[in-house]
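Here's data-v3.txt, which has compact mmCIF, N, CA and C atoms:
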# COMPACT_ATOMS: atom_id res chain seq x y z
N MET A 1 -7.66 23.93 13.66
CA MET A 1 -8.16 22.74 14.35
C MET A 1 -7.32 21.53 13.94
N LYS A 2 -7.37 20.54 14.78
CA LYS A 2 -6.70 19.28 14.53
C LYS A 2 -7.72 18.14 14.60
N LEU A 3 -7.43 17.08 13.90
CA LEU A 3 -8.28 15.90 13.90
C LEU A 3 -8.35 15.33 15.32
N SER A 4 -9.54 14.98 15.76
CA SER A 4 -9.69 14.39 17.10
C SER A 4 -9.18 12.96 17.12
N ASP A 5 -8.89 12.47 18.31
CA ASP A 5 -8.45 11.08 18.46
C ASP A 5 -9.54 10.12 18.00
N GLU A 6 -10.80 10.46 18.29
CA GLU A 6 -11.92 9.61 17.85
C GLU A 6 -11.95 9.48 16.33
N ALA A 7 -11.81 10.58 15.64
CA ALA A 7 -11.84 10.55 14.17
C ALA A 7 -10.61 9.86 13.62
N ARG A 8 -9.49 10.06 14.24
CA ARG A 8 -8.25 9.39 13.82
C ARG A 8 -8.44 7.87 13.84
N LYS A 9 -9.00 7.38 14.95
CA LYS A 9 -9.25 5.95 15.08
C LYS A 9 -10.26 5.48 14.04
N MET A 10 -11.28 6.30 13.77
CA MET A 10 -12.29 5.93 12.79
C MET A 10 -11.67 5.80 11.39
N ILE A 11 -10.83 6.76 11.01
CA ILE A 11 -10.19 6.69 9.70
C ILE A 11 -9.32 5.45 9.61
N GLN A 12 -8.53 5.20 10.63
CA GLN A 12 -7.66 4.02 10.60
C GLN A 12 -8.47 2.73 10.57
N LEU A 13 -9.59 2.70 11.25
CA LEU A 13 -10.45 1.52 11.21
C LEU A 13 -10.96 1.28 9.79
N HIS A 14 -11.43 2.34 9.15
CA HIS A 14 -11.96 2.19 7.79
C HIS A 14 -10.87 1.89 6.77
N GLU A 15 -9.71 2.45 6.95
CA GLU A 15 -8.61 2.20 6.01
C GLU A 15 -8.00 0.82 6.22
N GLY A 16 -7.84 0.44 7.47
CA GLY A 16 -7.14 -0.80 7.78
C GLY A 16 -5.64 -0.63 7.54
N TYR A 17 -4.87 -1.39 8.26
CA TYR A 17 -3.41 -1.34 8.12
C TYR A 17 -2.97 -2.48 7.21
N VAL A 18 -2.26 -2.14 6.15
CA VAL A 18 -1.70 -3.13 5.24
C VAL A 18 -0.23 -2.80 5.07
N ASP A 19 0.63 -3.78 5.33
CA ASP A 19 2.07 -3.50 5.36
C ASP A 19 2.75 -3.57 3.99
N HIS A 20 1.97 -3.84 2.95
CA HIS A 20 2.54 -3.94 1.60
C HIS A 20 1.66 -3.17 0.60
N VAL A 21 2.20 -2.93 -0.56
CA VAL A 21 1.47 -2.21 -1.60
C VAL A 21 0.29 -3.07 -2.08
N TYR A 22 -0.87 -2.42 -2.20
CA TYR A 22 -2.07 -3.08 -2.72
C TYR A 22 -2.85 -2.05 -3.53
N LEU A 23 -3.80 -2.52 -4.30
CA LEU A 23 -4.68 -1.62 -5.05
C LEU A 23 -5.96 -1.43 -4.26
N ASP A 24 -6.32 -0.17 -4.02
CA ASP A 24 -7.58 0.11 -3.32
C ASP A 24 -8.75 -0.18 -4.28
N PRO A 25 -10.00 -0.09 -3.80
CA PRO A 25 -11.14 -0.42 -4.67
C PRO A 25 -11.24 0.43 -5.94
N ALA A 26 -10.62 1.60 -5.94
CA ALA A 26 -10.63 2.45 -7.14
C ALA A 26 -9.41 2.16 -8.03
N GLY A 27 -8.56 1.22 -7.60
CA GLY A 27 -7.42 0.84 -8.42
C GLY A 27 -6.15 1.63 -8.19
N HIS A 28 -6.08 2.37 -7.08
CA HIS A 28 -4.90 3.18 -6.76
C HIS A 28 -3.93 2.39 -5.88
N ALA A 29 -2.64 2.48 -6.19
CA ALA A 29 -1.62 1.83 -5.37
C ALA A 29 -1.60 2.51 -4.00
N THR A 30 -1.67 1.69 -2.96
CA THR A 30 -1.85 2.16 -1.58
C THR A 30 -1.01 1.31 -0.65
N ILE A 31 -0.67 1.88 0.51
CA ILE A 31 0.07 1.13 1.54
C ILE A 31 -0.26 1.73 2.91
N GLY A 32 -0.02 0.97 3.94
CA GLY A 32 -0.19 1.48 5.31
C GLY A 32 -1.64 1.70 5.67
N TRP A 33 -1.92 2.87 6.27
CA TRP A 33 -3.26 3.26 6.67
C TRP A 33 -3.90 4.07 5.55
N GLY A 34 -3.97 3.51 4.35
CA GLY A 34 -4.64 4.19 3.25
C GLY A 34 -3.81 5.26 2.57
N HIS A 35 -2.50 5.16 2.63
CA HIS A 35 -1.64 6.15 1.98
C HIS A 35 -1.58 5.86 0.48
N LEU A 36 -2.05 6.82 -0.32
CA LEU A 36 -1.94 6.70 -1.77
C LEU A 36 -0.50 6.95 -2.17
N ILE A 37 0.07 6.01 -2.89
CA ILE A 37 1.47 6.14 -3.28
C ILE A 37 1.59 7.19 -4.38
N LYS A 38 2.44 8.17 -4.12
CA LYS A 38 2.63 9.30 -5.04
C LYS A 38 3.77 9.01 -6.01
N PRO A 39 3.78 9.71 -7.14
CA PRO A 39 4.91 9.54 -8.07
C PRO A 39 6.23 9.79 -7.35
N GLY A 40 7.18 8.93 -7.56
CA GLY A 40 8.49 9.05 -6.92
C GLY A 40 8.61 8.26 -5.63
N GLU A 41 7.48 7.87 -5.04
CA GLU A 41 7.53 7.04 -3.83
C GLU A 41 7.65 5.58 -4.25
N SER A 42 8.39 4.83 -3.47
CA SER A 42 8.56 3.41 -3.77
C SER A 42 8.57 2.63 -2.47
N PHE A 43 7.81 1.58 -2.45
CA PHE A 43 7.75 0.70 -1.28
C PHE A 43 7.89 -0.75 -1.79
N PRO A 44 9.12 -1.14 -2.12
CA PRO A 44 9.30 -2.47 -2.73
C PRO A 44 9.07 -3.62 -1.75
N LYS A 45 9.14 -3.34 -0.47
CA LYS A 45 8.94 -4.39 0.54
C LYS A 45 7.83 -3.95 1.48
N THR A 46 7.80 -4.51 2.63
CA THR A 46 6.78 -4.15 3.61
C THR A 46 7.21 -2.92 4.40
N ILE A 47 6.23 -2.31 5.08
CA ILE A 47 6.54 -1.20 5.99
C ILE A 47 6.03 -1.58 7.38
N THR A 48 6.61 -0.95 8.38
CA THR A 48 6.20 -1.19 9.76
C THR A 48 4.99 -0.32 10.09
N ARG A 49 4.35 -0.63 11.20
CA ARG A 49 3.25 0.21 11.68
C ARG A 49 3.74 1.63 11.95
N GLU A 50 4.95 1.74 12.47
CA GLU A 50 5.50 3.07 12.74
C GLU A 50 5.67 3.88 11.45
N GLN A 51 6.19 3.23 10.40
CA GLN A 51 6.31 3.93 9.11
C GLN A 51 4.94 4.28 8.55
N ALA A 52 4.00 3.37 8.68
CA ALA A 52 2.64 3.63 8.20
C ALA A 52 2.01 4.78 8.97
N THR A 53 2.27 4.85 10.26
CA THR A 53 1.72 5.94 11.07
C THR A 53 2.34 7.28 10.68
N GLU A 54 3.62 7.30 10.35
CA GLU A 54 4.25 8.54 9.87
C GLU A 54 3.60 9.01 8.58
N LEU A 55 3.36 8.10 7.65
CA LEU A 55 2.68 8.45 6.40
C LEU A 55 1.26 8.94 6.69
N PHE A 56 0.58 8.25 7.59
CA PHE A 56 -0.79 8.62 7.96
C PHE A 56 -0.82 10.03 8.55
N ASP A 57 0.08 10.32 9.47
CA ASP A 57 0.13 11.64 10.10
C ASP A 57 0.36 12.74 9.07
N ALA A 58 1.24 12.49 8.11
CA ALA A 58 1.51 13.48 7.06
C ALA A 58 0.28 13.67 6.18
N ASP A 59 -0.41 12.58 5.85
CA ASP A 59 -1.62 12.67 5.03
C ASP A 59 -2.74 13.40 5.78
N VAL A 60 -2.87 13.14 7.07
CA VAL A 60 -3.87 13.84 7.88
C VAL A 60 -3.57 15.33 7.92
N ALA A 61 -2.31 15.70 8.10
CA ALA A 61 -1.94 17.12 8.14
C ALA A 61 -2.33 17.83 6.84
N ILE A 62 -2.12 17.17 5.72
CA ILE A 62 -2.51 17.75 4.43
C ILE A 62 -4.03 17.92 4.37
N ALA A 63 -4.76 16.92 4.83
CA ALA A 63 -6.23 16.99 4.82
C ALA A 63 -6.72 18.10 5.75
N GLU A 64 -6.11 18.22 6.92
CA GLU A 64 -6.50 19.29 7.86
C GLU A 64 -6.30 20.66 7.22
N LYS A 65 -5.15 20.86 6.59
CA LYS A 65 -4.86 22.15 5.95
C LYS A 65 -5.84 22.43 4.81
N SER A 66 -6.20 21.41 4.08
CA SER A 66 -7.15 21.59 2.98
C SER A 66 -8.51 22.02 3.51
N VAL A 67 -8.99 21.38 4.55
CA VAL A 67 -10.29 21.74 5.13
C VAL A 67 -10.23 23.17 5.65
N THR A 68 -9.16 23.50 6.35
CA THR A 68 -9.01 24.85 6.90
C THR A 68 -9.02 25.90 5.79
N ARG A 69 -8.39 25.59 4.68
CA ARG A 69 -8.31 26.54 3.56
C ARG A 69 -9.64 26.66 2.81
N LEU A 70 -10.34 25.56 2.63
CA LEU A 70 -11.53 25.55 1.78
C LEU A 70 -12.81 25.97 2.49
N VAL A 71 -12.91 25.69 3.78
CA VAL A 71 -14.14 25.97 4.52
C VAL A 71 -14.08 27.39 5.06
N LEU A 72 -15.14 28.15 4.77
CA LEU A 72 -15.17 29.57 5.12
C LEU A 72 -16.09 29.88 6.29
N VAL A 73 -16.71 28.85 6.86
CA VAL A 73 -17.66 29.04 7.96
C VAL A 73 -17.14 28.32 9.20
N PRO A 74 -17.64 28.70 10.38
CA PRO A 74 -17.21 28.00 11.61
C PRO A 74 -17.66 26.55 11.60
N LEU A 75 -16.84 25.70 12.21
CA LEU A 75 -17.13 24.26 12.28
C LEU A 75 -17.04 23.77 13.72
N THR A 76 -17.85 22.77 14.02
CA THR A 76 -17.66 22.04 15.27
C THR A 76 -16.50 21.07 15.06
N GLN A 77 -16.02 20.50 16.13
CA GLN A 77 -14.97 19.48 16.00
C GLN A 77 -15.46 18.32 15.14
N GLY A 78 -16.70 17.89 15.35
CA GLY A 78 -17.24 16.78 14.59
C GLY A 78 -17.35 17.08 13.10
N GLN A 79 -17.75 18.29 12.76
CA GLN A 79 -17.83 18.68 11.36
C GLN A 79 -16.43 18.71 10.73
N PHE A 80 -15.49 19.27 11.46
CA PHE A 80 -14.11 19.30 10.97
C PHE A 80 -13.59 17.88 10.77
N ASP A 81 -13.84 17.00 11.74
CA ASP A 81 -13.38 15.62 11.64
C ASP A 81 -13.98 14.92 10.43
N ALA A 82 -15.28 15.11 10.20
CA ALA A 82 -15.95 14.48 9.06
C ALA A 82 -15.35 14.97 7.74
N LEU A 83 -15.02 16.25 7.68
CA LEU A 83 -14.45 16.81 6.46
C LEU A 83 -13.00 16.35 6.25
N VAL A 84 -12.24 16.22 7.32
CA VAL A 84 -10.88 15.71 7.19
C VAL A 84 -10.93 14.26 6.70
N ASP A 85 -11.85 13.47 7.22
CA ASP A 85 -12.01 12.10 6.72
C ASP A 85 -12.35 12.12 5.24
N PHE A 86 -13.26 12.99 4.83
CA PHE A 86 -13.65 13.12 3.42
C PHE A 86 -12.43 13.41 2.55
N VAL A 87 -11.64 14.40 2.94
CA VAL A 87 -10.46 14.78 2.15
C VAL A 87 -9.41 13.67 2.19
N PHE A 88 -9.21 13.05 3.34
CA PHE A 88 -8.26 11.95 3.44
C PHE A 88 -8.64 10.85 2.45
N ASN A 89 -9.92 10.54 2.39
CA ASN A 89 -10.40 9.42 1.56
C ASN A 89 -10.53 9.78 0.08
N LEU A 90 -10.96 11.00 -0.21
CA LEU A 90 -11.30 11.36 -1.60
C LEU A 90 -10.39 12.41 -2.22
N GLY A 91 -9.66 13.13 -1.41
CA GLY A 91 -8.78 14.17 -1.92
C GLY A 91 -9.40 15.56 -1.84
N GLN A 92 -8.52 16.55 -1.75
CA GLN A 92 -9.00 17.92 -1.60
C GLN A 92 -9.75 18.42 -2.83
N GLY A 93 -9.38 17.93 -4.01
CA GLY A 93 -10.06 18.36 -5.23
C GLY A 93 -11.53 18.00 -5.23
N ARG A 94 -11.84 16.83 -4.70
CA ARG A 94 -13.24 16.40 -4.64
C ARG A 94 -14.04 17.31 -3.71
N LEU A 95 -13.44 17.68 -2.57
CA LEU A 95 -14.14 18.59 -1.67
C LEU A 95 -14.26 19.97 -2.31
N ALA A 96 -13.18 20.46 -2.90
CA ALA A 96 -13.17 21.81 -3.47
C ALA A 96 -14.25 22.00 -4.52
N ASN A 97 -14.56 20.95 -5.26
CA ASN A 97 -15.53 21.06 -6.36
C ASN A 97 -16.89 20.47 -6.02
N SER A 98 -17.15 20.25 -4.75
CA SER A 98 -18.37 19.54 -4.35
C SER A 98 -19.53 20.46 -3.99
N THR A 99 -20.72 19.92 -4.18
CA THR A 99 -21.93 20.58 -3.69
C THR A 99 -21.88 20.67 -2.18
N LEU A 100 -21.30 19.67 -1.54
CA LEU A 100 -21.15 19.67 -0.08
C LEU A 100 -20.49 20.96 0.38
N LEU A 101 -19.35 21.31 -0.23
CA LEU A 101 -18.63 22.52 0.18
C LEU A 101 -19.42 23.78 -0.15
N ARG A 102 -20.05 23.80 -1.31
CA ARG A 102 -20.83 24.98 -1.69
C ARG A 102 -21.96 25.22 -0.69
N LEU A 103 -22.67 24.15 -0.32
CA LEU A 103 -23.74 24.28 0.67
C LEU A 103 -23.20 24.70 2.03
N LEU A 104 -22.11 24.08 2.44
CA LEU A 104 -21.51 24.39 3.74
C LEU A 104 -21.09 25.85 3.81
N ASN A 105 -20.38 26.31 2.80
CA ASN A 105 -19.91 27.69 2.82
C ASN A 105 -21.04 28.71 2.70
N ALA A 106 -22.21 28.25 2.27
CA ALA A 106 -23.41 29.10 2.25
C ALA A 106 -24.13 29.05 3.60
N GLY A 107 -23.59 28.27 4.54
CA GLY A 107 -24.19 28.18 5.87
C GLY A 107 -25.27 27.12 5.99
N ASN A 108 -25.42 26.28 4.98
CA ASN A 108 -26.45 25.25 4.99
C ASN A 108 -25.83 23.94 5.50
N TYR A 109 -25.58 23.89 6.79
CA TYR A 109 -24.89 22.78 7.44
C TYR A 109 -25.63 21.45 7.27
N ASP A 110 -26.95 21.48 7.46
CA ASP A 110 -27.71 20.23 7.42
C ASP A 110 -27.68 19.59 6.04
N ASN A 111 -27.91 20.36 4.99
CA ASN A 111 -27.88 19.79 3.65
C ASN A 111 -26.46 19.42 3.23
N ALA A 112 -25.48 20.14 3.72
CA ALA A 112 -24.09 19.77 3.44
C ALA A 112 -23.80 18.39 4.02
N ALA A 113 -24.25 18.15 5.24
CA ALA A 113 -24.02 16.84 5.87
C ALA A 113 -24.68 15.72 5.09
N ILE A 114 -25.86 15.97 4.57
CA ILE A 114 -26.57 14.95 3.78
C ILE A 114 -25.77 14.58 2.54
N GLU A 115 -25.04 15.54 2.00
CA GLU A 115 -24.22 15.28 0.80
C GLU A 115 -23.17 14.21 1.04
N LEU A 116 -22.74 14.03 2.29
CA LEU A 116 -21.75 12.99 2.59
C LEU A 116 -22.20 11.63 2.06
N HIS A 117 -23.50 11.36 2.16
CA HIS A 117 -24.03 10.06 1.78
C HIS A 117 -23.97 9.79 0.28
N ARG A 118 -23.68 10.81 -0.51
CA ARG A 118 -23.61 10.63 -1.96
C ARG A 118 -22.26 10.05 -2.41
N TRP A 119 -21.27 10.11 -1.54
CA TRP A 119 -19.90 9.73 -1.90
C TRP A 119 -19.59 8.30 -1.49
N VAL A 120 -20.26 7.36 -2.12
CA VAL A 120 -20.15 5.94 -1.74
C VAL A 120 -19.72 5.05 -2.90
N LEU A 121 -19.23 5.65 -3.98
CA LEU A 121 -18.82 4.89 -5.15
C LEU A 121 -17.30 4.84 -5.26
N ALA A 122 -16.80 3.71 -5.71
CA ALA A 122 -15.38 3.55 -6.04
C ALA A 122 -15.33 2.68 -7.29
N GLY A 123 -14.65 3.17 -8.29
CA GLY A 123 -14.59 2.42 -9.54
C GLY A 123 -15.97 2.24 -10.15
N GLY A 124 -16.88 3.20 -9.88
CA GLY A 124 -18.23 3.14 -10.42
C GLY A 124 -19.17 2.21 -9.70
N ARG A 125 -18.73 1.62 -8.59
CA ARG A 125 -19.55 0.69 -7.83
C ARG A 125 -19.83 1.24 -6.43
N LYS A 126 -21.05 1.03 -5.97
CA LYS A 126 -21.41 1.40 -4.59
C LYS A 126 -20.82 0.35 -3.66
N LEU A 127 -19.99 0.81 -2.73
CA LEU A 127 -19.31 -0.11 -1.83
C LEU A 127 -19.89 -0.03 -0.41
N PRO A 128 -20.24 -1.17 0.16
CA PRO A 128 -20.78 -1.17 1.52
C PRO A 128 -19.84 -0.50 2.53
N GLY A 129 -18.53 -0.68 2.35
CA GLY A 129 -17.58 -0.05 3.27
C GLY A 129 -17.64 1.47 3.21
N LEU A 130 -17.86 2.02 2.02
CA LEU A 130 -17.99 3.47 1.90
C LEU A 130 -19.32 3.96 2.46
N VAL A 131 -20.36 3.16 2.31
CA VAL A 131 -21.66 3.53 2.90
C VAL A 131 -21.49 3.65 4.41
N LYS A 132 -20.82 2.67 5.02
CA LYS A 132 -20.60 2.70 6.48
C LYS A 132 -19.69 3.86 6.86
N ARG A 133 -18.65 4.10 6.08
CA ARG A 133 -17.73 5.19 6.39
C ARG A 133 -18.45 6.53 6.36
N ARG A 134 -19.28 6.75 5.35
CA ARG A 134 -20.02 8.02 5.27
C ARG A 134 -21.04 8.14 6.40
N ARG A 135 -21.63 7.02 6.81
CA ARG A 135 -22.55 7.06 7.94
C ARG A 135 -21.78 7.46 9.20
N ASP A 136 -20.59 6.89 9.38
CA ASP A 136 -19.78 7.25 10.54
C ASP A 136 -19.37 8.72 10.49
N ALA A 137 -19.02 9.22 9.30
CA ALA A 137 -18.66 10.64 9.16
C ALA A 137 -19.87 11.52 9.45
N PHE A 138 -21.04 11.11 8.97
CA PHE A 138 -22.28 11.85 9.23
C PHE A 138 -22.54 11.92 10.74
N ASN A 139 -22.31 10.80 11.41
CA ASN A 139 -22.48 10.78 12.87
C ASN A 139 -21.47 11.67 13.57
N LEU A 140 -20.22 11.69 13.09
CA LEU A 140 -19.23 12.62 13.64
C LEU A 140 -19.71 14.06 13.46
N TRP A 141 -20.19 14.36 12.26
CA TRP A 141 -20.66 15.70 11.91
C TRP A 141 -21.70 16.17 12.93
N HIS A 142 -22.59 15.28 13.32
CA HIS A 142 -23.69 15.65 14.21
C HIS A 142 -23.39 15.45 15.68
N GLY A 143 -22.11 15.17 15.99
CA GLY A 143 -21.72 15.06 17.40
C GLY A 143 -21.85 16.42 18.08
N ASN A 144 -21.90 16.38 19.36
CA ASN A 144 -22.02 17.64 20.12
C ASN A 144 -20.68 18.36 20.11
N GLY A 145 -20.75 19.65 20.24
CA GLY A 145 -19.53 20.44 20.33
C GLY A 145 -19.79 21.87 19.92
N GLU A 146 -18.96 22.74 20.43
CA GLU A 146 -19.06 24.14 20.05
C GLU A 146 -18.50 24.33 18.66
N GLN A 147 -18.96 25.38 18.00
CA GLN A 147 -18.39 25.70 16.70
C GLN A 147 -17.09 26.48 16.91
N HIS A 148 -16.14 26.17 16.05
CA HIS A 148 -14.83 26.80 16.11
C HIS A 148 -14.48 27.32 14.74
N ASP A 149 -13.76 28.42 14.69
CA ASP A 149 -13.27 28.90 13.41
C ASP A 149 -12.19 27.95 12.91
N THR A 150 -12.18 27.70 11.60
CA THR A 150 -11.15 26.83 11.04
C THR A 150 -9.94 27.63 10.67
Starting from the file, lay out its structure as structure tokens.
Amino acid sequence: MKLSDEARKMIQLHEGYVDHVYLDPAGHATIGWGHLIKPGESFPKTITREQATELFDADVAIAEKSVTRLVLVPLTQGQFDALVDFVFNLGQGRLANSTLLRLLNAGNYDNAAIELHRWVLAGGRKLPGLVKRRRDAFNLWHGNGEQHDT
């Protein structure tokens, strides 16, 4: 599966576009549409929207592959989108070790979705932006659609 256009826009809305390096609420160096700067990467000046979109697309592809690898049950497009947003925002390690994934892979879709609301802290603080983001992901999760194998 691939991230839907609706979810893509939602992630970009929540991340916001920033053309220079900044520290996210958890203190991580970030640029563009929420791209976490990796060791060896350097952005001494600004980047264009096109460069930010290339970074975003690469980050989304990694998140899609992570969801596909970790989830063992069929997903709707909305569920897949919500999980890609989760991995994009928090990383595959957080999903891999989460109660959310354990419940989901046991077929407990409803309780897995509720777990999304627990992931609203950054730097030990509850952030209103994360509360809204998780609500939007929860709404994506419950969107209509057929289930598809990941």
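Proximity of A:Val21, A:Asn139, A:His14, A:Val60 to Val87 of chain A, computed with only C-alpha atoms, is greatest for A:Val60.
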Atom pair atom CA of Lys132 of chain A / atom N of Gln79 of chain A: separation (Å):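 Distance reported for this atom pair: 17.0 Å.
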- request: Rounded to one decimal place, report the atom CA of Leu104 of chain A-atom CA of Leu83 of chain A distance in Å.
  value: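 Taking atom CA of Leu104 of chain A and atom CA of Leu83 of chain A, their separation equals 10.7 Å.
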Rank nothing, just name the residue among A:Ala63, A:Val71, A:Ala112, A:Leu100 nearest to Arg8 of chain A, using only C-alpha atoms.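 Selected residue with least distance to Arg8 of chain A: A:Ala63.
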Quick one: pull the distance between atom N of Asp5 of chain A and atom C of Thr68 of chain A, Å, one decimal.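 Value for the atom N of Asp5 of chain A-atom C of Thr68 of chain A distance: 18.4 Å.
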Tyr17 of chain A: which residues within 9 Å, counting only C-alpha atoms, same-chain residues fewer than 4 positions away excluded, as a PDB file with N, CA and C atoms, keeping the file's coordinate frame?
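Resulting contents of result02.pdb:
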ATOM      1  N   GLN A  12      -8.530   5.200  10.630  1.00  0.00           N
ATOM      2  CA  GLN A  12      -7.660   4.020  10.600  1.00  0.00           C
ATOM      3  C   GLN A  12      -8.470   2.730  10.570  1.00  0.00           C
ATOM      4  N   LEU A  13      -9.590   2.700  11.250  1.00  0.00           N
ATOM      5  CA  LEU A  13     -10.450   1.520  11.210  1.00  0.00           C
ATOM      6  C   LEU A  13     -10.960   1.280   9.790  1.00  0.00           C
ATOM      7  N   ILE A  31      -0.670   1.880   0.510  1.00  0.00           N
ATOM      8  CA  ILE A  31       0.070   1.130   1.540  1.00  0.00           C
ATOM      9  C   ILE A  31      -0.260   1.730   2.910  1.00  0.00           C
ATOM     10  N   GLY A  32      -0.020   0.970   3.940  1.00  0.00           N
ATOM     11  CA  GLY A  32      -0.190   1.480   5.310  1.00  0.00           C
ATOM     12  C   GLY A  32      -1.640   1.700   5.670  1.00  0.00           C
ATOM     13  N   TRP A  33      -1.920   2.870   6.270  1.00  0.00           N
ATOM     14  CA  TRP A  33      -3.260   3.260   6.670  1.00  0.00           C
ATOM     15  C   TRP A  33      -3.900   4.070   5.550  1.00  0.00           C
ATOM     16  N   GLY A  34      -3.970   3.510   4.350  1.00  0.00           N
ATOM     17  CA  GLY A  34      -4.640   4.190   3.250  1.00  0.00           C
ATOM     18  C   GLY A  34      -3.810   5.260   2.570  1.00  0.00           C
ATOM     19  N   ARG A  49       4.350  -0.630  11.200  1.00  0.00           N
ATOM     20  CA  ARG A  49       3.250   0.210  11.680  1.00  0.00           C
ATOM     21  C   ARG A  49       3.740   1.630  11.950  1.00  0.00           C
ATOM     22  N   ALA A  52       4.000   3.370   8.680  1.00  0.00           N
ATOM     23  CA  ALA A  52       2.640   3.630   8.200  1.00  0.00           C
ATOM     24  C   ALA A  52       2.010   4.780   8.970  1.00  0.00           C
TER      25      ALA A  52
END
Of A:His28, A:Leu127, A:Val84, A:Leu3, the one nearest to Ser66 of chain A when counting only N, CA and C atoms is A:Val84
Exercise for the section: Check chain A with DSSP on the backbone and list each residue it calls strand (DSSP E or B), as a list in words. Expected result: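 Here are the strand (DSSP E or B) residues of chain A: Val18, Asp19, His20, Val21, Tyr22, Leu23, Ala29, Thr30, Ile31, Gly32, His35, Leu36, Leu75, Thr76, Leu121, Ala122, Arg125, Lys126, Gln147 and His148 of chain A.
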Open item on the list: Using only N, CA and C atoms, which protein or nucleic acid residues come within 8 Å of Leu121 of chain A? Drop anything in the same chain fewer than 3 positions from it, and give the result as JSON, numbers by chain.
Closed with: {"A": [25, 26, 117, 118, 124, 125, 126, 127, 130, 131]}
Using only C-alpha atoms, the shortest atom-to-atom distance to Ala96 of chain A among A:Tyr109, A:Gly143, A:Leu72, A:Thr48 belongs to A:Leu72
